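Everything below concerns the one structure shown next.
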Amino acid sequence: MIVEDDEILRELYLETISLAGMEVIASLDNGASAVEMIKSGSAVDLIIMDHRMPGMSGLQAIKEIRRIRPDISVIFATADDVEDSVLTGRNVVVLLKPFGMEQLINAVKRLRK
Amino acid sequence: MAKIKAEKTAPTASTSSPALSDDVKKAYDLIDQHIMIINRDFVIEFCNLKVLEDMGDVTGRYCYEAFCRSGAPPEDCPLKRVLNTGSPNSRVINHRGLSVYATVRPFSVDKRGVSLFLHITRNITPLMMVKNDRKESREVFEELFNSISEPITIHAPDYTILDANIAALTLLGLKKEDVIGRKCYEIFHHTDSPISACPLRQTLLKGDMESALVGPPYLKGHYMVNTAPIFGKDGEIVRVLHLLKDVTELKEMERKLTRDNERLMMFSDLITHDMGNYSQGALLAIDMLLADDTLSPRQRRYLEMARAQMQSASQLLENARKLSRLYERRVKPVPVDAGIILMKAISQLKKTYARREIRVNTEVKMGTHTVLADDLLFDVFLNIMGNSVKYTISDPVVVDVVADVWDEDPSFYRFEIIDRAGGIPDEYKEGIFNRFERFSKRASGSGLGLTLVKKIVMNYGGNLWVEDFKVDGEVVGSVFVVLLKRG
């Protein structure tokens with residue numbers, strides 16, 4: 001799942017993940033929709049989550065999602081210097097923008113191991 | 001009664017008086033005060049030994065002539081008052097630099113039917129001098145008190161205002177009589193009890209100086225109130241000094257600073273967040289194109305140049321974020337193992353400059369040097385060693401890292417990062433830690449690196465500077481000295 005309010009970045013993430021041979025089942029522009037989708041039982045196992053988005057922030061969305069699905073892996077793609085306990089642990093990678101394609105693919109591969 | 005001229009002879013006893021027995025006269029002679037019996041015609045009938053010693057025999061003379069040096073009794077003559085009222089009377093007489101306290105009381109009526117009066121005087125000149133000194137001290141105090149431009153009031157421990165200087169009265173727009181005796185909270189805060197932030201209350205509770213910022217609307221400004229206790233002989237608080245300092249201008253500057261800071265935060269946010277997002281799109285788009293195998297060498301070269309620029313922008317953003325953390329004082333030094341951090345930095349250095357042959361010689365290992373720092377120490381080591389690589393023209397790049405307890409202050413470790421990059425001219429040694437200043441165009445970069453490194457080290461309570469590295473007296477490189485507090 002890709003959650004990013006910038007349309008260009010959503011497209012580029014989608015392209016990168018596809019190039020790496022993985023399937024993107026949802027590309028959303030806000031955190032609240034992502035939470036709703038997880039609530040509805042979507043079979044997502046990894047989320048690329050932006051931080052600053054209109055409405056619910058990415059950090060808040062991760063907290064909500066983790067309550068429902070603690071096992072879900074997260075790539076927190078942010079341009080901000082964010083510190084929070086939810087961003088620590090084995091199934092989280094924080095990528096500070098701007099990062100390259102290789103970094104993104106490596107992070108995805110690491111979390112899917 | 002005929003006036004008898006007093007003769008100056010050495011006195012041995014008091015003069016005779018028909019109204020006094022010899023025993024009484026002897027008793028009066030023993031008293032160290034001027035005692036006289038004067039009749040209703042102001043004629044001195046008797047004087048004791050003290051009068052004889054100090055003034056000679058004045059018996060038979062008019063008292064106003066002998067004492068007041070006047071031709072008639074003065075207006076405030078105590079005897080005159082006694083004659084009028086029949087009651088004792090006293091007064092202070094100042095004469096020829098002396099001050100005497102004179103008491104006159106009806107004494108008796110002698111055999112002749114003449115009314116007699118006892119006239120006792122006591123020399124109070126020393127007392128009057130003390131009194132005058134006090135008066136003078138009080139006047140000096142008042143003058144000083146009122147010349148101070150800060151409003152000052154003096155309070156009793158029950159919050160009653162005992163005194164107020166002119167500045168305080170001007171500020172309050174009140175007269176002294178409107179203020180003295182009133183409770184300070186009534187006058188200053190228009191309340192019927194002390195306000196919660198009242199520093200005077202704190203001073204009374206703690207017995208120490210206190211201060212608080214207040215800004216009652218009617219005073220039109222902000223004031224720093226300082227209170228100080230004045231203790232009595234037994235250590236109890238007898239007075240509290242209450243001083244107001246107008247800090248309106250300072251508050252205005254503070255507001256301006258806050259506004260400026262908010263603007264800076266906004267610019268910082270624009271750079272780190274918005275630029276981060278835009279760069280993200282550009283970097284991924286470049287990577288997409290570079291993934292295309294059909295690119296011509298020329299196309300690939302230009303795309304790689306664009307990517308290198310984006311990476312520099314990325315590093316700049318990363319540095320800006322770290323600086324922001326430092327300026328917001330979110331960095332708190334804790335004991336860390338400098339050896340582990342150095343090893344990580346060396347590893348990263350070799351990855352970053354994979355095409356260079358890098359040799360880092362060090363005896364700083366895990367567990368050898370604990371310092372007060374945090375994870376940004378990694379950036380300190382990496383940045384300094386990275387500079388060594390950038391400025392060393394030919395391989396191998398040799399860097400030595402040594403550390404020892406600093407001779408000048410054993411509470412610090414002195415880390416030395418030594419390169420062979422040719423050294424830095426003296427005129428640039430300080431400038432390299434300034435933003436955008438590079439002494440050589442050989443290396444690329446945002447120029448924020450060493451500025452950030454210095455800021456980080458200073459934030460740890462340490463220091464950073466550069467010295468020459470000499471071999472056989474010749475400068476061959478630089479020694480970056482990093483002082484870090486031992487953890």
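Lettering and numbering for the structure tokens are positional, with chains as A, B, ... in the shown order, residues counted from 1 in each chain, and ligands counted from 1 in the shown order.
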
Chain A residues within 7 Å of chain B, counting only C-alpha atoms: which ones, as number ranges by chain?
A: 8-9, 12, 79-81, 97-101

Could you pull out the helix (DSSP H, G or I) residues of range 100-232 of chain B, going by DSSP on the backbone, and write them as a CSV table (one decimal) with all heavy atoms, in the first residue's frame?
chain,number,residue,atom,x,y,z
B,125,THR,N,23.7,67.7,75.0
B,125,THR,CA,24.4,68.0,73.7
B,125,THR,C,24.7,66.7,72.9
B,125,THR,O,24.4,66.6,71.7
B,125,THR,CB,25.6,68.9,73.9
B,125,THR,OG1,25.3,70.0,74.7
B,125,THR,CG2,26.3,69.3,72.6
B,126,PRO,N,25.4,65.7,73.6
B,126,PRO,CA,25.7,64.5,72.8
B,126,PRO,C,24.5,63.8,72.2
B,126,PRO,O,24.5,63.4,71.1
B,126,PRO,CB,26.4,63.6,73.9
B,126,PRO,CG,26.8,64.5,74.9
B,126,PRO,CD,25.9,65.6,75.0
B,127,LEU,N,23.4,63.8,73.0
B,127,LEU,CA,22.1,63.2,72.5
B,127,LEU,C,21.6,63.9,71.3
B,127,LEU,O,21.2,63.3,70.3
B,127,LEU,CB,21.1,63.2,73.6
B,127,LEU,CG,21.1,62.1,74.7
B,127,LEU,CD1,20.0,62.4,75.7
B,127,LEU,CD2,20.8,60.8,74.0
B,128,MET,N,21.7,65.2,71.4
B,128,MET,CA,21.2,66.1,70.3
B,128,MET,C,22.0,65.9,69.0
B,128,MET,O,21.5,65.9,67.9
B,128,MET,CB,21.1,67.5,70.7
B,128,MET,CG,20.1,67.9,71.7
B,128,MET,SD,18.4,67.4,71.2
B,128,MET,CE,18.1,68.7,70.0
B,129,MET,N,23.3,65.7,69.3
B,129,MET,CA,24.2,65.4,68.1
B,129,MET,C,23.8,64.1,67.4
B,129,MET,O,23.7,64.1,66.2
B,129,MET,CB,25.7,65.4,68.6
B,129,MET,CG,26.2,66.8,68.8
B,129,MET,SD,27.8,66.7,69.6
B,129,MET,CE,28.8,66.2,68.2
B,130,VAL,N,23.5,63.1,68.2
B,130,VAL,CA,23.1,61.8,67.6
B,130,VAL,C,21.8,62.0,66.9
B,130,VAL,O,21.6,61.5,65.7
B,130,VAL,CB,23.0,60.7,68.7
B,130,VAL,CG1,22.3,59.5,68.2
B,130,VAL,CG2,24.3,60.4,69.3
B,131,LYS,N,20.9,62.7,67.5
B,131,LYS,CA,19.6,63.0,66.9
B,131,LYS,C,19.7,63.7,65.6
B,131,LYS,O,19.1,63.3,64.6
B,131,LYS,CB,18.7,63.8,67.8
B,131,LYS,CG,17.3,63.8,67.4
B,131,LYS,CD,16.5,64.7,68.4
B,131,LYS,CE,15.1,65.0,67.8
B,131,LYS,NZ,14.4,66.0,68.5
B,132,ASN,N,20.7,64.7,65.6
B,132,ASN,CA,20.9,65.4,64.4
B,132,ASN,C,21.5,64.6,63.3
B,132,ASN,O,21.2,64.7,62.1
B,132,ASN,CB,21.8,66.6,64.6
B,132,ASN,CG,21.0,67.7,65.4
B,132,ASN,OD1,19.8,67.8,65.3
B,132,ASN,ND2,21.7,68.6,66.1
B,133,ASP,N,22.4,63.7,63.7
B,133,ASP,CA,23.1,62.8,62.8
B,133,ASP,C,22.0,61.9,62.1
B,133,ASP,O,22.0,61.6,60.9
B,133,ASP,CB,24.1,61.9,63.5
B,133,ASP,CG,25.4,62.6,63.7
B,133,ASP,OD1,25.5,63.7,63.2
B,133,ASP,OD2,26.3,62.0,64.4
B,134,ARG,N,21.1,61.4,63.0
B,134,ARG,CA,20.0,60.5,62.5
B,134,ARG,C,19.2,61.3,61.5
B,134,ARG,O,18.8,60.7,60.4
B,134,ARG,CB,19.2,60.0,63.6
B,134,ARG,CG,19.8,58.8,64.3
B,134,ARG,CD,18.9,58.2,65.3
B,134,ARG,NE,19.5,57.1,66.0
B,134,ARG,CZ,19.1,56.6,67.2
B,134,ARG,NH1,18.0,57.1,67.7
B,134,ARG,NH2,19.7,55.7,67.8
B,135,LYS,N,18.9,62.5,61.8
B,135,LYS,CA,18.0,63.3,60.9
B,135,LYS,C,18.7,63.5,59.6
B,135,LYS,O,18.1,63.4,58.5
B,135,LYS,CB,17.8,64.7,61.6
B,135,LYS,CG,16.7,65.5,61.0
B,135,LYS,CD,16.5,66.8,61.7
B,135,LYS,CE,15.6,67.7,60.9
B,135,LYS,NZ,15.7,69.1,61.4
B,136,GLU,N,20.0,63.7,59.7
B,136,GLU,CA,20.8,64.0,58.5
B,136,GLU,C,20.9,62.7,57.7
B,136,GLU,O,20.7,62.7,56.5
B,136,GLU,CB,22.2,64.4,58.9
B,136,GLU,CG,23.0,65.1,57.8
B,136,GLU,CD,24.3,65.6,58.2
B,136,GLU,OE1,24.4,66.1,59.4
B,136,GLU,OE2,25.3,65.4,57.5
B,137,SER,N,21.1,61.5,58.4
B,137,SER,CA,21.1,60.2,57.7
B,137,SER,C,19.8,60.0,57.0
B,137,SER,O,19.7,59.5,55.8
B,137,SER,CB,21.4,59.1,58.6
B,137,SER,OG,22.6,59.3,59.2
B,138,ARG,N,18.7,60.3,57.7
B,138,ARG,CA,17.4,60.1,57.1
B,138,ARG,C,17.2,60.9,55.8
B,138,ARG,O,16.7,60.5,54.8
B,138,ARG,CB,16.3,60.4,58.2
B,138,ARG,CG,14.9,60.4,57.7
B,138,ARG,CD,14.4,58.9,57.5
B,138,ARG,NE,13.2,58.9,56.8
B,138,ARG,CZ,12.6,57.8,56.3
B,138,ARG,NH1,13.2,56.6,56.5
B,138,ARG,NH2,11.5,57.8,55.6
B,139,GLU,N,17.7,62.2,55.9
B,139,GLU,CA,17.6,63.1,54.8
B,139,GLU,C,18.4,62.6,53.6
B,139,GLU,O,17.9,62.6,52.5
B,139,GLU,CB,18.1,64.5,55.2
B,139,GLU,CG,17.1,65.3,56.0
B,139,GLU,CD,17.6,66.5,56.6
B,139,GLU,OE1,18.8,66.8,56.4
B,139,GLU,OE2,16.9,67.2,57.3
B,140,VAL,N,19.6,62.0,53.9
B,140,VAL,CA,20.4,61.5,52.8
B,140,VAL,C,19.7,60.3,52.2
B,140,VAL,O,19.7,60.1,51.0
B,140,VAL,CB,21.8,61.1,53.4
B,140,VAL,CG1,22.6,60.2,52.3
B,140,VAL,CG2,22.6,62.3,53.7
B,141,PHE,N,19.2,59.4,53.1
B,141,PHE,CA,18.5,58.2,52.6
B,141,PHE,C,17.3,58.6,51.7
B,141,PHE,O,17.1,58.1,50.6
B,141,PHE,CB,18.0,57.4,53.8
B,141,PHE,CG,17.0,56.4,53.4
B,141,PHE,CD1,17.4,55.2,52.8
B,141,PHE,CD2,15.6,56.5,53.6
B,141,PHE,CE1,16.5,54.2,52.4
B,141,PHE,CE2,14.7,55.5,53.2
B,141,PHE,CZ,15.2,54.4,52.6
B,142,GLU,N,16.5,59.6,52.2
B,142,GLU,CA,15.4,60.1,51.4
B,142,GLU,C,15.8,60.6,50.0
B,142,GLU,O,15.1,60.3,49.0
B,142,GLU,CB,14.6,61.2,52.1
B,142,GLU,CG,13.8,60.8,53.3
B,142,GLU,CD,12.5,60.1,52.9
B,142,GLU,OE1,12.0,60.4,51.8
B,142,GLU,OE2,12.0,59.3,53.7
B,143,GLU,N,16.9,61.3,50.0
B,143,GLU,CA,17.4,61.9,48.8
B,143,GLU,C,17.8,60.8,47.8
B,143,GLU,O,17.4,60.8,46.6
B,143,GLU,CB,18.6,62.8,49.1
B,143,GLU,CG,18.9,63.8,47.9
B,143,GLU,CD,20.0,64.7,48.3
B,143,GLU,OE1,20.0,65.2,49.5
B,143,GLU,OE2,20.8,65.0,47.5
B,144,LEU,N,18.5,59.8,48.4
B,144,LEU,CA,18.9,58.6,47.5
B,144,LEU,C,17.7,57.8,47.1
B,144,LEU,O,17.6,57.5,45.9
B,144,LEU,CB,19.8,57.7,48.3
B,144,LEU,CG,21.3,58.1,48.4
B,144,LEU,CD1,22.0,57.2,49.4
B,144,LEU,CD2,21.9,57.9,47.0
B,145,PHE,N,16.8,57.6,48.0
B,145,PHE,CA,15.6,56.8,47.8
B,145,PHE,C,14.8,57.4,46.6
B,145,PHE,O,14.4,56.7,45.7
B,145,PHE,CB,14.8,56.8,49.0
B,145,PHE,CG,13.7,55.8,49.1
B,145,PHE,CD1,13.8,54.5,48.7
B,145,PHE,CD2,12.4,56.3,49.5
B,145,PHE,CE1,12.7,53.6,48.8
B,145,PHE,CE2,11.3,55.4,49.6
B,145,PHE,CZ,11.5,54.1,49.2
B,146,ASN,N,14.7,58.7,46.6
B,146,ASN,CA,13.9,59.4,45.6
B,146,ASN,C,14.6,59.6,44.3
B,146,ASN,O,14.0,59.9,43.3
B,146,ASN,CB,13.4,60.7,46.2
B,146,ASN,CG,12.3,60.5,47.2
B,146,ASN,OD1,11.4,59.6,47.0
B,146,ASN,ND2,12.3,61.2,48.3
B,147,SER,N,16.0,59.5,44.4
B,147,SER,CA,16.7,59.8,43.1
B,147,SER,C,16.8,58.5,42.3
B,147,SER,O,17.2,58.6,41.1
B,147,SER,CB,18.2,60.2,43.5
B,147,SER,OG,18.9,59.2,44.1
B,166,ILE,N,9.7,58.5,44.8
B,166,ILE,CA,9.0,59.3,43.9
B,166,ILE,C,8.6,58.5,42.6
B,166,ILE,O,7.5,58.7,42.1
B,166,ILE,CB,9.8,60.6,43.6
B,166,ILE,CG1,9.8,61.5,44.8
B,166,ILE,CG2,9.2,61.3,42.3
B,166,ILE,CD1,10.7,62.7,44.7
B,167,ALA,N,9.6,57.7,42.2
B,167,ALA,CA,9.3,56.9,40.9
B,167,ALA,C,8.1,56.0,41.1
B,167,ALA,O,7.3,55.8,40.2
B,167,ALA,CB,10.6,56.1,40.6
B,168,ALA,N,8.0,55.4,42.3
B,168,ALA,CA,6.9,54.5,42.6
B,168,ALA,C,5.5,55.3,42.6
B,168,ALA,O,4.5,54.9,42.0
B,168,ALA,CB,7.0,53.8,43.9
B,169,LEU,N,5.6,56.5,43.2
B,169,LEU,CA,4.4,57.3,43.3
B,169,LEU,C,4.0,57.8,41.9
B,169,LEU,O,2.8,57.8,41.5
B,169,LEU,CB,4.6,58.5,44.2
B,169,LEU,CG,4.9,58.1,45.7
B,169,LEU,CD1,5.3,59.3,46.5
B,169,LEU,CD2,3.7,57.5,46.3
B,170,THR,N,5.0,58.2,41.1
B,170,THR,CA,4.7,58.6,39.7
B,170,THR,C,4.1,57.5,38.9
B,170,THR,O,3.1,57.7,38.2
B,170,THR,CB,6.0,59.1,39.0
B,170,THR,OG1,6.7,60.0,39.9
B,170,THR,CG2,5.8,59.7,37.7
B,171,LEU,N,4.7,56.3,39.0
B,171,LEU,CA,4.1,55.2,38.3
B,171,LEU,C,2.7,54.9,38.7
B,171,LEU,O,1.8,54.6,37.8
B,171,LEU,CB,5.0,53.9,38.6
B,171,LEU,CG,4.5,52.6,38.0
B,171,LEU,CD1,4.8,52.6,36.5
B,171,LEU,CD2,5.2,51.4,38.6
B,172,LEU,N,2.4,55.0,40.0
B,172,LEU,CA,1.1,54.7,40.4
B,172,LEU,C,0.1,55.8,40.3
B,172,LEU,O,-1.1,55.6,40.3
B,172,LEU,CB,1.1,54.3,41.9
B,172,LEU,CG,1.9,53.0,42.3
B,172,LEU,CD1,2.2,52.9,43.7
B,172,LEU,CD2,1.0,51.8,41.9
B,176,LYS,N,1.9,60.3,48.3
B,176,LYS,CA,2.5,59.4,49.3
B,176,LYS,C,1.4,59.0,50.4
B,176,LYS,O,1.3,57.9,50.8
B,176,LYS,CB,3.6,60.1,50.0
B,176,LYS,CG,4.6,59.2,50.6
B,176,LYS,CD,6.0,59.9,50.8
B,176,LYS,CE,7.0,58.8,51.2
B,176,LYS,NZ,8.4,59.4,51.1
B,177,GLU,N,0.6,60.0,50.8
B,177,GLU,CA,-0.4,59.7,51.8
B,177,GLU,C,-1.5,58.7,51.3
B,177,GLU,O,-2.2,58.1,52.2
B,177,GLU,CB,-1.0,61.0,52.3
B,177,GLU,CG,-1.6,61.9,51.3
B,177,GLU,CD,-0.7,63.0,50.7
B,177,GLU,OE1,0.5,62.7,50.7
B,177,GLU,OE2,-1.1,64.1,50.4
B,178,ASP,N,-1.6,58.6,50.0
B,178,ASP,CA,-2.6,57.6,49.5
B,178,ASP,C,-2.0,56.2,49.5
B,178,ASP,O,-2.8,55.2,49.4
B,178,ASP,CB,-2.9,58.0,48.0
B,178,ASP,CG,-3.6,59.3,47.9
B,178,ASP,OD1,-4.2,59.8,48.9
B,178,ASP,OD2,-3.4,60.0,46.9
B,179,VAL,N,-0.7,56.1,49.7
B,179,VAL,CA,-0.1,54.8,49.5
B,179,VAL,C,0.4,54.3,50.9
B,179,VAL,O,0.1,53.1,51.2
B,179,VAL,CB,1.2,55.0,48.6
B,179,VAL,CG1,2.0,53.7,48.6
B,179,VAL,CG2,0.7,55.3,47.2
B,184,CYS,N,-0.2,46.5,49.9
B,184,CYS,CA,0.4,46.6,48.5
B,184,CYS,C,-0.4,46.0,47.4
B,184,CYS,O,-0.5,46.5,46.3
B,184,CYS,CB,1.8,46.0,48.5
B,184,CYS,SG,1.9,44.3,49.0
B,185,TYR,N,-1.1,44.9,47.8
B,185,TYR,CA,-1.9,44.2,46.7
B,185,TYR,C,-3.1,45.1,46.3
B,185,TYR,O,-3.6,45.0,45.2
B,185,TYR,CB,-2.4,42.8,47.2
B,185,TYR,CG,-2.9,42.7,48.6
B,185,TYR,CD1,-4.2,43.1,49.0
B,185,TYR,CD2,-2.0,42.2,49.6
B,185,TYR,CE1,-4.6,43.0,50.3
B,185,TYR,CE2,-2.5,42.1,50.9
B,185,TYR,CZ,-3.8,42.5,51.2
B,185,TYR,OH,-4.2,42.4,52.5
B,186,GLU,N,-3.6,45.9,47.3
B,186,GLU,CA,-4.7,46.9,46.9
B,186,GLU,C,-4.1,47.9,46.0
B,186,GLU,O,-4.8,48.2,45.0
B,186,GLU,CB,-5.2,47.6,48.2
B,186,GLU,CG,-5.9,46.7,49.2
B,186,GLU,CD,-6.2,47.4,50.5
B,186,GLU,OE1,-5.8,48.6,50.7
B,186,GLU,OE2,-6.9,46.8,51.3
B,187,ILE,N,-2.9,48.4,46.3
B,187,ILE,CA,-2.4,49.5,45.5
B,187,ILE,C,-1.9,49.0,44.1
B,187,ILE,O,-2.2,49.6,43.1
B,187,ILE,CB,-1.2,50.2,46.2
B,187,ILE,CG1,-1.7,50.8,47.5
B,187,ILE,CG2,-0.5,51.2,45.4
B,187,ILE,CD1,-2.6,52.0,47.3
B,188,PHE,N,-1.1,47.9,44.1
B,188,PHE,CA,-0.5,47.4,42.9
B,188,PHE,C,-1.4,46.6,42.0
B,188,PHE,O,-1.3,46.6,40.8
B,188,PHE,CB,0.8,46.7,43.2
B,188,PHE,CG,1.9,47.6,43.6
B,188,PHE,CD1,2.3,47.7,44.9
B,188,PHE,CD2,2.6,48.3,42.6
B,188,PHE,CE1,3.4,48.5,45.2
B,188,PHE,CE2,3.7,49.1,42.9
B,188,PHE,CZ,4.1,49.2,44.2
B,189,HIS,N,-2.2,45.8,42.7
B,189,HIS,CA,-3.0,44.8,41.9
B,189,HIS,C,-4.5,45.0,41.9
B,189,HIS,O,-5.3,44.3,41.3
B,189,HIS,CB,-2.7,43.4,42.3
B,189,HIS,CG,-1.2,43.1,42.2
B,189,HIS,ND1,-0.6,42.9,41.0
B,189,HIS,CD2,-0.2,43.0,43.1
B,189,HIS,CE1,0.7,42.7,41.2
B,189,HIS,NE2,0.9,42.7,42.5
B,199,PRO,N,5.8,37.9,44.5
B,199,PRO,CA,7.2,37.6,44.9
B,199,PRO,C,7.4,38.0,46.4
B,199,PRO,O,8.2,37.3,47.1
B,199,PRO,CB,8.1,38.4,44.0
B,199,PRO,CG,7.3,39.5,43.5
B,199,PRO,CD,5.8,39.0,43.5
B,200,LEU,N,6.6,39.0,46.9
B,200,LEU,CA,6.7,39.4,48.3
B,200,LEU,C,6.3,38.2,49.2
B,200,LEU,O,6.9,37.9,50.2
B,200,LEU,CB,5.9,40.6,48.5
B,200,LEU,CG,6.2,41.4,49.8
B,200,LEU,CD1,5.7,42.9,49.6
B,200,LEU,CD2,5.5,40.9,51.0
B,201,ARG,N,5.2,37.6,48.8
B,201,ARG,CA,4.8,36.4,49.5
B,201,ARG,C,5.8,35.3,49.6
B,201,ARG,O,6.1,34.8,50.7
B,201,ARG,CB,3.5,35.9,48.9
B,201,ARG,CG,2.8,34.9,49.8
B,201,ARG,CD,1.4,34.6,49.4
B,201,ARG,NE,1.3,33.9,48.1
B,201,ARG,CZ,0.2,33.3,47.6
B,201,ARG,NH1,-0.9,33.4,48.3
B,201,ARG,NH2,0.2,32.7,46.5
B,202,GLN,N,6.5,35.1,48.5
B,202,GLN,CA,7.5,34.1,48.4
B,202,GLN,C,8.7,34.5,49.3
B,202,GLN,O,9.3,33.7,50.0
B,202,GLN,CB,8.0,33.9,47.0
B,202,GLN,CG,7.0,33.3,46.0
B,202,GLN,CD,6.5,31.9,46.5
B,202,GLN,OE1,7.4,31.1,46.9
B,202,GLN,NE2,5.2,31.7,46.6
B,203,THR,N,9.0,35.8,49.3
B,203,THR,CA,10.1,36.3,50.1
B,203,THR,C,9.8,36.1,51.6
B,203,THR,O,10.6,35.6,52.4
B,203,THR,CB,10.4,37.8,49.8
B,203,THR,OG1,11.0,37.9,48.6
B,203,THR,CG2,11.3,38.4,50.9
B,204,LEU,N,8.6,36.3,52.0
B,204,LEU,CA,8.1,36.1,53.4
B,204,LEU,C,8.2,34.7,53.7
B,204,LEU,O,8.5,34.3,54.8
B,204,LEU,CB,6.7,36.7,53.6
B,204,LEU,CG,6.6,38.2,53.5
B,204,LEU,CD1,5.2,38.6,53.5
B,204,LEU,CD2,7.3,38.9,54.7
B,205,LEU,N,7.8,33.8,52.8
B,205,LEU,CA,7.8,32.3,53.0
B,205,LEU,C,9.3,31.8,53.1
B,205,LEU,O,9.6,31.0,54.0
B,205,LEU,CB,7.1,31.6,51.9
B,205,LEU,CG,5.5,31.7,52.0
B,205,LEU,CD1,4.9,31.1,50.7
B,205,LEU,CD2,5.0,30.9,53.2
B,206,LYS,N,10.1,32.2,52.1
B,206,LYS,CA,11.4,31.6,52.0
B,206,LYS,C,12.5,32.4,52.7
B,206,LYS,O,13.6,31.9,52.9
B,206,LYS,CB,11.8,31.4,50.5
B,206,LYS,CG,10.8,30.5,49.8
B,206,LYS,CD,11.1,30.4,48.3
B,206,LYS,CE,10.2,29.6,47.5
B,206,LYS,NZ,10.4,29.7,46.1
B,217,PRO,N,-2.8,45.5,33.8
B,217,PRO,CA,-3.3,46.3,32.7
B,217,PRO,C,-3.2,47.9,32.9
B,217,PRO,O,-2.8,48.6,32.0
B,217,PRO,CB,-4.8,45.9,32.5
B,217,PRO,CG,-4.9,44.6,33.2
B,217,PRO,CD,-3.9,44.6,34.3
B,218,TYR,N,-3.5,48.3,34.2
B,218,TYR,CA,-3.5,49.7,34.4
B,218,TYR,C,-2.1,50.4,34.4
B,218,TYR,O,-1.9,51.6,34.4
B,218,TYR,CB,-4.3,50.1,35.7
B,218,TYR,CG,-3.6,49.5,36.9
B,218,TYR,CD1,-2.7,50.4,37.6
B,218,TYR,CD2,-3.8,48.2,37.4
B,218,TYR,CE1,-2.0,49.9,38.8
B,218,TYR,CE2,-3.1,47.8,38.5
B,218,TYR,CZ,-2.3,48.6,39.2
B,218,TYR,OH,-1.6,48.1,40.3
B,219,LEU,N,-1.1,49.5,34.5
B,219,LEU,CA,0.3,50.0,34.6
B,219,LEU,C,0.9,50.2,33.2
B,219,LEU,O,1.9,50.8,33.0
B,219,LEU,CB,1.2,49.1,35.4
B,219,LEU,CG,1.1,49.3,36.9
B,219,LEU,CD1,2.1,48.3,37.6
B,219,LEU,CD2,1.3,50.7,37.4

Val334 in chain B surroundings by only C-alpha atoms, 7 Å radius, close-in-sequence under 4 positions cut, as a ChimeraX atom specification
/B:372-374

Only C-alpha atoms, please: the residues just picked out, written as a PDB file, in the first residue's frame.
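Result written to result_20.pdb:
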ATOM      1  CA  LEU B 372      29.417  12.697  26.637  1.00  0.00           C
ATOM      2  CA  ALA B 373      27.834  12.923  23.188  1.00  0.00           C
ATOM      3  CA  ASP B 374      25.060  11.239  21.170  1.00  0.00           C
TER       4      ASP B 374
END

Residues within 9 Å of Glu23 in chain A, only C-alpha atoms, excluding chain neighbours under 6 positions, as a PDB file with all heavy atoms, in the first residue's frame:
ATOM      1  N   MET A   1       0.846  -1.195   0.000  1.00  0.00           N
ATOM      2  CA  MET A   1       0.000   0.000   0.000  1.00  0.00           C
ATOM      3  C   MET A   1       0.886   1.251   0.000  1.00  0.00           C
ATOM      4  O   MET A   1       1.867   1.309   0.748  1.00  0.00           O
ATOM      5  CB  MET A   1      -0.912   0.017   1.243  1.00  0.00           C
ATOM      6  CG  MET A   1      -1.790   1.255   1.325  1.00  0.00           C
ATOM      7  SD  MET A   1      -2.622   1.393   2.922  1.00  0.00           S
ATOM      8  CE  MET A   1      -3.931   0.227   2.740  1.00  0.00           C
ATOM      9  N   LEU A  14       4.956   3.822  -7.031  1.00  0.00           N
ATOM     10  CA  LEU A  14       4.257   2.708  -7.681  1.00  0.00           C
ATOM     11  C   LEU A  14       5.153   2.068  -8.750  1.00  0.00           C
ATOM     12  O   LEU A  14       5.302   0.841  -8.820  1.00  0.00           O
ATOM     13  CB  LEU A  14       2.952   3.228  -8.307  1.00  0.00           C
ATOM     14  CG  LEU A  14       2.038   2.192  -8.946  1.00  0.00           C
ATOM     15  CD1 LEU A  14       1.341   1.362  -7.874  1.00  0.00           C
ATOM     16  CD2 LEU A  14       0.960   2.878  -9.792  1.00  0.00           C
ATOM     17  N   ILE A  17       8.144   0.181  -7.097  1.00  0.00           N
ATOM     18  CA  ILE A  17       7.742  -1.098  -6.505  1.00  0.00           C
ATOM     19  C   ILE A  17       7.449  -2.121  -7.612  1.00  0.00           C
ATOM     20  O   ILE A  17       7.835  -3.287  -7.526  1.00  0.00           O
ATOM     21  CB  ILE A  17       6.482  -0.920  -5.605  1.00  0.00           C
ATOM     22  CG1 ILE A  17       6.769   0.063  -4.471  1.00  0.00           C
ATOM     23  CG2 ILE A  17       6.004  -2.261  -5.035  1.00  0.00           C
ATOM     24  CD1 ILE A  17       7.890  -0.320  -3.551  1.00  0.00           C
TER      25      ILE A  17
END

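Nearest-residue note for Ser478 in chain B: choosing from B:Gln299, B:Asn387, B:Thr294, B:Asn123, the minimum distance belongs to B:Asn387, counting only C-alpha atoms.
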
Those of chain A in DSSP strand (DSSP E), formatted as number ranges by chain:
A: 2-3, 27-28, 46-50, 73-78, 92-96

Mind checking which residues fall within 7 Å of range 28-30 of chain A, counting only C-alpha atoms, ignoring those fewer than 3 positions away in the same chain, and posting them as a count of residues only?
8

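The spacing separating CA of Asp71 in chain A from CA of Glu83 in chain A amounts to 20.4 Å.
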
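In this structure, CA of Thr392 in chain B sits 26.2 Å away from CA of Leu484 in chain B.
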
I'd like the contact shell of range 67-82 of chain B - 12 Å cut-off, only C-alpha atoms, skipping same-chain residues fewer than 2 positions apart - returned as JSON, numbers by chain.
{"B": [34, 36, 37, 38, 39, 40, 41, 42, 43, 44, 51, 54, 55, 56, 58, 59, 61, 62, 63, 64, 65, 84, 85, 86, 87, 88, 89, 90, 91, 92, 93, 94, 95, 96, 98, 100, 101, 102, 103, 104, 105, 106, 107, 115, 116, 117, 118, 119, 120, 121]}
